[in-house]
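Peer 1: Here you go, one structure.
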Amino acid sequence: MSLDPVLLRIDSDLPNATERLLELLRIPSISTDPAYKGDCETAADWLVADLQSIGVEASKRPTPGHPMVVGHVDGDGPHILFYGHYDVQPVDPLNLWDRDPFDPEVQDTPKGKVIRGRGAADDKGQLMTFVEACRAWKEVNGTLPCKITFFFEGEEESGSPSLVPFMKENAAELTSDIALICDTGMFGEQTPAIVTMLRGLLGEELTIRGASKDLHSGMYGGISMNPIRVLSKIIASLHDESGHVTVPQFYDGVPELSPEIKAQWDGLNFDETGFLGEVGLGTPAGEQDRTGLEMIWSRPTCEVNGIWGGYTGDGFKTVLPAEAHAKISFRLVGTQDPLAIRESFRSYVQSMLPDDCTVEFKAHGASSASQMEITDPAFEKARRALSDEWPEPAAYVGCGGSIPIAGHFKKILGTDAMLIGFGKDDDQIHSPDEKYDLNSFHKGIRSWARVLDALTKG
């Protein structure tokens with residue numbers, strides 16, 4: 001099977017592909033709002049029909065929440081699973097949109113044409129890049145290049161409550177040689193990326209309690225312990241002067257980068273000052289012996305996400321509060337054990353409590369990091385295929401956030417995931433005026449055709 005005719009077909013069919021995406025974007029499939037349950041069903045039906053139009057045996061599968069869409073194509077060679085999600089974020093506040101978020105259109109901007117509408121980048125536009133690559137391949141060659149499973153979820157934007165049970169119940173059907181996920185982005189404007197590291201997440205909420213009630217600071221100040229003072233001391237002690245986290249055994253399981261990956265990252269010429277300057281900052285505040293990309297991709301963090309206590313209203317009230325509260329999150333890497341870190345953090349806090357103070361903890365989730373095994377030859381095949389399509393060579397990168405589906409593929413199905421996406425930092429996902437560059441959509445389709453070609457060759 002020749003790749004060049006497929007690429008030419010993609011180029012000539014781009015207007016039709018764009019119109020199909022606009023049609024899908026018009027469906028307000030907001031998963032978190034029960035008022036849009038029918039629209040989520042409609043989006044699933046639309047995808048089933050679209051997959052069937054290219055010869056995929058597709059069906060809508062019920063769950064306690066919104067349905068899954070699963071499709072299969074038999075073939076020789078490797079078995080590839082492609083995952084995406086058809087649900088979208090709510091659109092509030094509507095007054096900040098320049099147009100109806102579910103009346104999408106192609107717009108001209110100073111940086112080129114964009115597809116504007118809710119879900120354009122997250123994740124309908126990304127999902128359709130793979131479907132359109134398969135459509136072009138089928139139209140040119142009559143068949144798809146290998147065995148492919150399509151797996152589309154409708155609850156990603158609302159916590160995926162049905163995902164893990166569905167994957168466990170249908171593990172035999174969903175197990176493949178490799179899973180492809182299109183829910184990530186480029187590095188900059190012209191450098192494609194394969195995400196190989198995803199940080200885990202641990203959340204902790206703590207309440208420090210002192211006196212049995214709020215106290216007058218004139219009568220009790222000085223002689224009584226103030227819970228805010230205790231909490232402030234604990235929080236201040238979580239990092240040393242060089243930015244390292246001080247929780248005991250926190251760095252157990254944190255790996256060092258391989259020389260090859262570190263060289264790739266150094267070659268990306270990440271502009272720390274420019275990155276921070278976009279949000280009004282200028283000096284990296286993390287571990288001072290690490291580069292900026294290491295800080296946000298491959299190093300663990302401890303951050304205070306909220307702190308409150310005492311009187312916070314207008315004016316002034318001289319009170320010593322009975323309670324002080326904080327929410328603290330940890331981004332995890334490598335083989336760090338979130339439950340072990342939770343216990344170590346709690347012991348550390350308890351060791352710093354003075355007399356007359358107690359602490360109560362509330363857990364807010366605990367998930368491990370995911371790291372893809374790039375020694376699998378498929379990863380290097382895909383990286384080279386992406387490099388052939390874009391001006392800059394593709395890079396293996398990390399992701400500062402957490403994408404749980406990649407870990408689910410590994411833990412439930414024993415399948416490594418390859419995360420390849422074509423989003424841009426300015427796509428405004430989850431925000432008003434979300435967009436997806438038409439160039440990202442076009443070259444994303446071409447990229448998947450190249451990846452399919454590479455993965456199915458010996």
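We label chains A, B, ... in the order they appear in the structure tokens, count residues from 1 in each chain, and number ligands from 1 in the order shown.
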Determine, counting only C-alpha atoms, which protein, DNA and RNA residues have an atom within 8 Å of an atom of range 440-450 of chain A; residues of the same chain fewer than 3 positions away are not included. Present the result as a PyMOL selection string.
Peer 2: chain A and resi 3+6-7+10-11+14+125-126+129-130+132-134+137+385-386+389-390+421-423+436-437+453-454
Peer 1: As a ChimeraX atom specification, which residues of range 41-202 of chain A does DSSP assign to strand (DSSP E)?
Peer 2: /A:57-61,68-73,79-85,105-109,112-116,147-153,178-181,193-198,200-202
Peer 1: Could you tell me how far CA of His430 in chain A lies from CA of Ile30 in chain A, in Å and to one decimal?
Peer 2: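 Between these atoms lies a distance of 11.5 Å.
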Peer 1: At a cut-off of 10 Å, using only C-alpha atoms, what residues contact Glu380 in chain A? Leave out same-chain residues fewer than 6 positions from it and give the result as a list in words.
Peer 2: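 Once the nearby chain positions are removed, what remains is Ile194, Ile374, Leu386, Ala394, Ala395, Tyr396, Ala454 and Leu455 of chain A.
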Peer 1: Among range 199-338 of chain A, which ones does DSSP place in alpha helix (DSSP H), written as a PDB file with C-alpha atoms, in the first residue's frame?
Peer 2:
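For reference, selection-v9.pdb as written:
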ATOM      1  CA  SER A 217      -6.745  38.627  70.314  1.00  0.00           C
ATOM      2  CA  GLY A 218      -6.437  41.238  73.052  1.00  0.00           C
ATOM      3  CA  MET A 219      -7.388  38.842  75.818  1.00  0.00           C
ATOM      4  CA  TYR A 220      -5.774  35.662  74.467  1.00  0.00           C
ATOM      5  CA  PRO A 227      -3.793  27.604  64.381  1.00  0.00           C
ATOM      6  CA  ILE A 228      -2.940  29.920  61.474  1.00  0.00           C
ATOM      7  CA  ARG A 229       0.527  30.407  62.921  1.00  0.00           C
ATOM      8  CA  VAL A 230       0.931  26.622  63.159  1.00  0.00           C
ATOM      9  CA  LEU A 231      -0.321  26.047  59.626  1.00  0.00           C
ATOM     10  CA  SER A 232       1.902  28.806  58.240  1.00  0.00           C
ATOM     11  CA  LYS A 233       4.965  27.237  59.826  1.00  0.00           C
ATOM     12  CA  ILE A 234       4.084  23.811  58.393  1.00  0.00           C
ATOM     13  CA  ILE A 235       3.529  25.187  54.901  1.00  0.00           C
ATOM     14  CA  ALA A 236       6.724  27.249  54.986  1.00  0.00           C
ATOM     15  CA  PRO A 259      20.927  11.093  28.528  1.00  0.00           C
ATOM     16  CA  GLU A 260      19.030  10.679  25.243  1.00  0.00           C
ATOM     17  CA  ILE A 261      15.816  12.259  26.526  1.00  0.00           C
ATOM     18  CA  LYS A 262      17.675  15.041  28.336  1.00  0.00           C
ATOM     19  CA  ALA A 263      19.529  15.864  25.117  1.00  0.00           C
ATOM     20  CA  GLN A 264      16.222  15.992  23.213  1.00  0.00           C
ATOM     21  CA  TRP A 265      14.708  18.333  25.782  1.00  0.00           C
ATOM     22  CA  ASP A 266      17.778  20.581  25.816  1.00  0.00           C
ATOM     23  CA  GLY A 267      17.502  20.742  22.022  1.00  0.00           C
ATOM     24  CA  GLU A 272      11.873  29.772  30.718  1.00  0.00           C
ATOM     25  CA  THR A 273      11.754  33.565  30.902  1.00  0.00           C
ATOM     26  CA  GLY A 274       9.255  33.822  28.053  1.00  0.00           C
ATOM     27  CA  PHE A 275       7.106  31.006  29.470  1.00  0.00           C
ATOM     28  CA  LEU A 276       6.874  32.708  32.860  1.00  0.00           C
ATOM     29  CA  GLY A 277       6.630  36.162  31.325  1.00  0.00           C
ATOM     30  CA  GLY A 292      12.552  24.483  33.335  1.00  0.00           C
ATOM     31  CA  LEU A 293      11.324  21.529  31.288  1.00  0.00           C
ATOM     32  CA  GLU A 294      12.448  19.117  33.992  1.00  0.00           C
ATOM     33  CA  MET A 295      10.501  21.123  36.561  1.00  0.00           C
ATOM     34  CA  ILE A 296       7.217  20.907  34.647  1.00  0.00           C
ATOM     35  CA  TRP A 297       7.596  17.485  32.993  1.00  0.00           C
ATOM     36  CA  PRO A 338       0.936   8.275  46.352  1.00  0.00           C
TER      37      PRO A 338
END
Peer 1: Which residues, written as a PyMOL selection string, have at least one atom at most 9 Å from Ser298 in chain A, with only C-alpha atoms counted and residues fewer than 2 positions away on the same chain left out?
Peer 2: chain A and resi 197-199+254-257+293-296+300+332-334+398-400
Peer 1: Quick one: residues within 9 Å of Arg99 in chain A, only C-alpha atoms counted, chain neighbours fewer than 3 positions away excluded, as number ranges by chain?
Peer 2: A: 94, 96, 102-104, 116-117, 433
Peer 1: Let me make sure I understand: among A:Leu206, A:Lys168, A:Gln350, A:Glu278, which one has the smallest atom-to-atom distance to Val304 in chain A if we use only C-alpha atoms?
Peer 2: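 Closest to Val304 in chain A, using only C-alpha atoms: A:Leu206.
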Peer 1: Find the spatial neighbours of range 140-149 of chain A, counting only C-alpha atoms, within a cut-off of 6 Å - ignore same-chain residues fewer than 2 positions away - and output them as a list in words.
Peer 2: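 Near neighbours after the sequence-gap exclusion: Gly71, His72, Val73, Asp74, Gly75, Asp76, Gly77, His79, Ile80, Leu81, Trp137 and Lys138 of chain A.
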Peer 1: Extract, using only C-alpha atoms, all DNA, RNA and protein residues at most 10 Å from His85 in chain A, discarding same-chain residues fewer than 4 positions from it, and format them as an mmCIF file with N, CA and C atoms, in the first residue's frame.
Peer 2:
data_model
loop_
_atom_site.group_PDB
_atom_site.id
_atom_site.type_symbol
_atom_site.label_atom_id
_atom_site.label_comp_id
_atom_site.auth_asym_id
_atom_site.auth_seq_id
_atom_site.Cartn_x
_atom_site.Cartn_y
_atom_site.Cartn_z
ATOM 1 N N ALA A 44 -22.826 10.369 20.178
ATOM 2 C CA ALA A 44 -22.407 8.973 20.055
ATOM 3 C C ALA A 44 -23.006 8.342 18.803
ATOM 4 N N MET A 68 -20.436 4.647 25.510
ATOM 5 C CA MET A 68 -19.175 4.488 24.808
ATOM 6 C C MET A 68 -19.475 4.177 23.342
ATOM 7 N N VAL A 69 -18.560 4.530 22.473
ATOM 8 C CA VAL A 69 -18.622 4.114 21.074
ATOM 9 C C VAL A 69 -17.435 3.201 20.821
ATOM 10 N N GLY A 119 -15.147 22.335 21.794
ATOM 11 C CA GLY A 119 -14.759 20.989 21.419
ATOM 12 C C GLY A 119 -13.859 20.920 20.201
ATOM 13 N N ASP A 122 -10.589 20.143 21.952
ATOM 14 C CA ASP A 122 -10.691 19.212 23.068
ATOM 15 C C ASP A 122 -12.095 18.606 23.105
ATOM 16 N N ASP A 123 -12.333 17.457 22.424
ATOM 17 C CA ASP A 123 -11.321 16.660 21.756
ATOM 18 C C ASP A 123 -11.832 16.229 20.389
ATOM 19 N N LYS A 124 -12.916 16.893 19.932
ATOM 20 C CA LYS A 124 -13.548 16.423 18.699
ATOM 21 C C LYS A 124 -12.648 16.611 17.486
ATOM 22 N N GLN A 126 -9.384 16.725 17.453
ATOM 23 C CA GLN A 126 -8.279 15.763 17.560
ATOM 24 C C GLN A 126 -8.763 14.347 17.224
ATOM 25 N N LEU A 127 -9.911 13.979 17.758
ATOM 26 C CA LEU A 127 -10.485 12.655 17.486
ATOM 27 C C LEU A 127 -10.673 12.452 15.987
ATOM 28 N N PHE A 151 -12.260 3.547 20.153
ATOM 29 C CA PHE A 151 -12.821 3.568 21.501
ATOM 30 C C PHE A 151 -13.036 5.032 21.898
ATOM 31 N N PHE A 152 -14.298 5.475 21.846
ATOM 32 C CA PHE A 152 -14.625 6.869 22.117
ATOM 33 C C PHE A 152 -15.492 6.961 23.371
ATOM 34 N N GLU A 153 -15.088 7.828 24.271
ATOM 35 C CA GLU A 153 -15.735 7.988 25.568
ATOM 36 C C GLU A 153 -16.588 9.249 25.583
ATOM 37 N N GLY A 154 -17.621 9.249 26.431
ATOM 38 C CA GLY A 154 -18.487 10.413 26.539
ATOM 39 C C GLY A 154 -18.510 11.058 27.909
ATOM 40 N N GLU A 155 -17.518 10.739 28.764
ATOM 41 C CA GLU A 155 -17.534 11.291 30.129
ATOM 42 C C GLU A 155 -16.170 11.838 30.564
ATOM 43 N N GLU A 156 -15.254 12.033 29.635
ATOM 44 C CA GLU A 156 -13.904 12.449 30.019
ATOM 45 C C GLU A 156 -13.913 13.783 30.750
ATOM 46 N N GLU A 157 -14.781 14.697 30.320
ATOM 47 C CA GLU A 157 -14.825 16.022 30.929
ATOM 48 C C GLU A 157 -15.610 16.049 32.235
ATOM 49 N N ILE A 181 -3.599 7.789 21.693
ATOM 50 C CA ILE A 181 -4.461 8.774 22.333
ATOM 51 C C ILE A 181 -4.176 10.134 21.717
ATOM 52 N N CYS A 182 -5.215 10.795 21.221
ATOM 53 C CA CYS A 182 -5.039 12.122 20.615
ATOM 54 C C CYS A 182 -5.740 13.154 21.482
ATOM 55 N N ASP A 183 -5.102 13.541 22.591
ATOM 56 C CA ASP A 183 -5.698 14.522 23.506
ATOM 57 C C ASP A 183 -4.598 15.399 24.096
#
Peer 1: Counting only C-alpha atoms, which of A:His216, A:Arg9, A:Lys60, A:Arg290 gets nearest to Lys317 in chain A?
Peer 2: A:His216
Peer 1: Give the answer as one residue: which of A:Asp177, A:Asp376, A:Asp356, A:Glu19 has the shortest atom-to-atom distance to Ile115 in chain A, using only C-alpha atoms?
Peer 2: A:Glu19
Peer 1: I'd like to know which of A:Ala363, A:Val70, A:Ala324, A:Ala179 is closest to Phe82 in chain A, using only C-alpha atoms.
Peer 2: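 Nearest candidate to Phe82 in chain A out of A:Ala363, A:Val70, A:Ala324, A:Ala179: A:Ala179.
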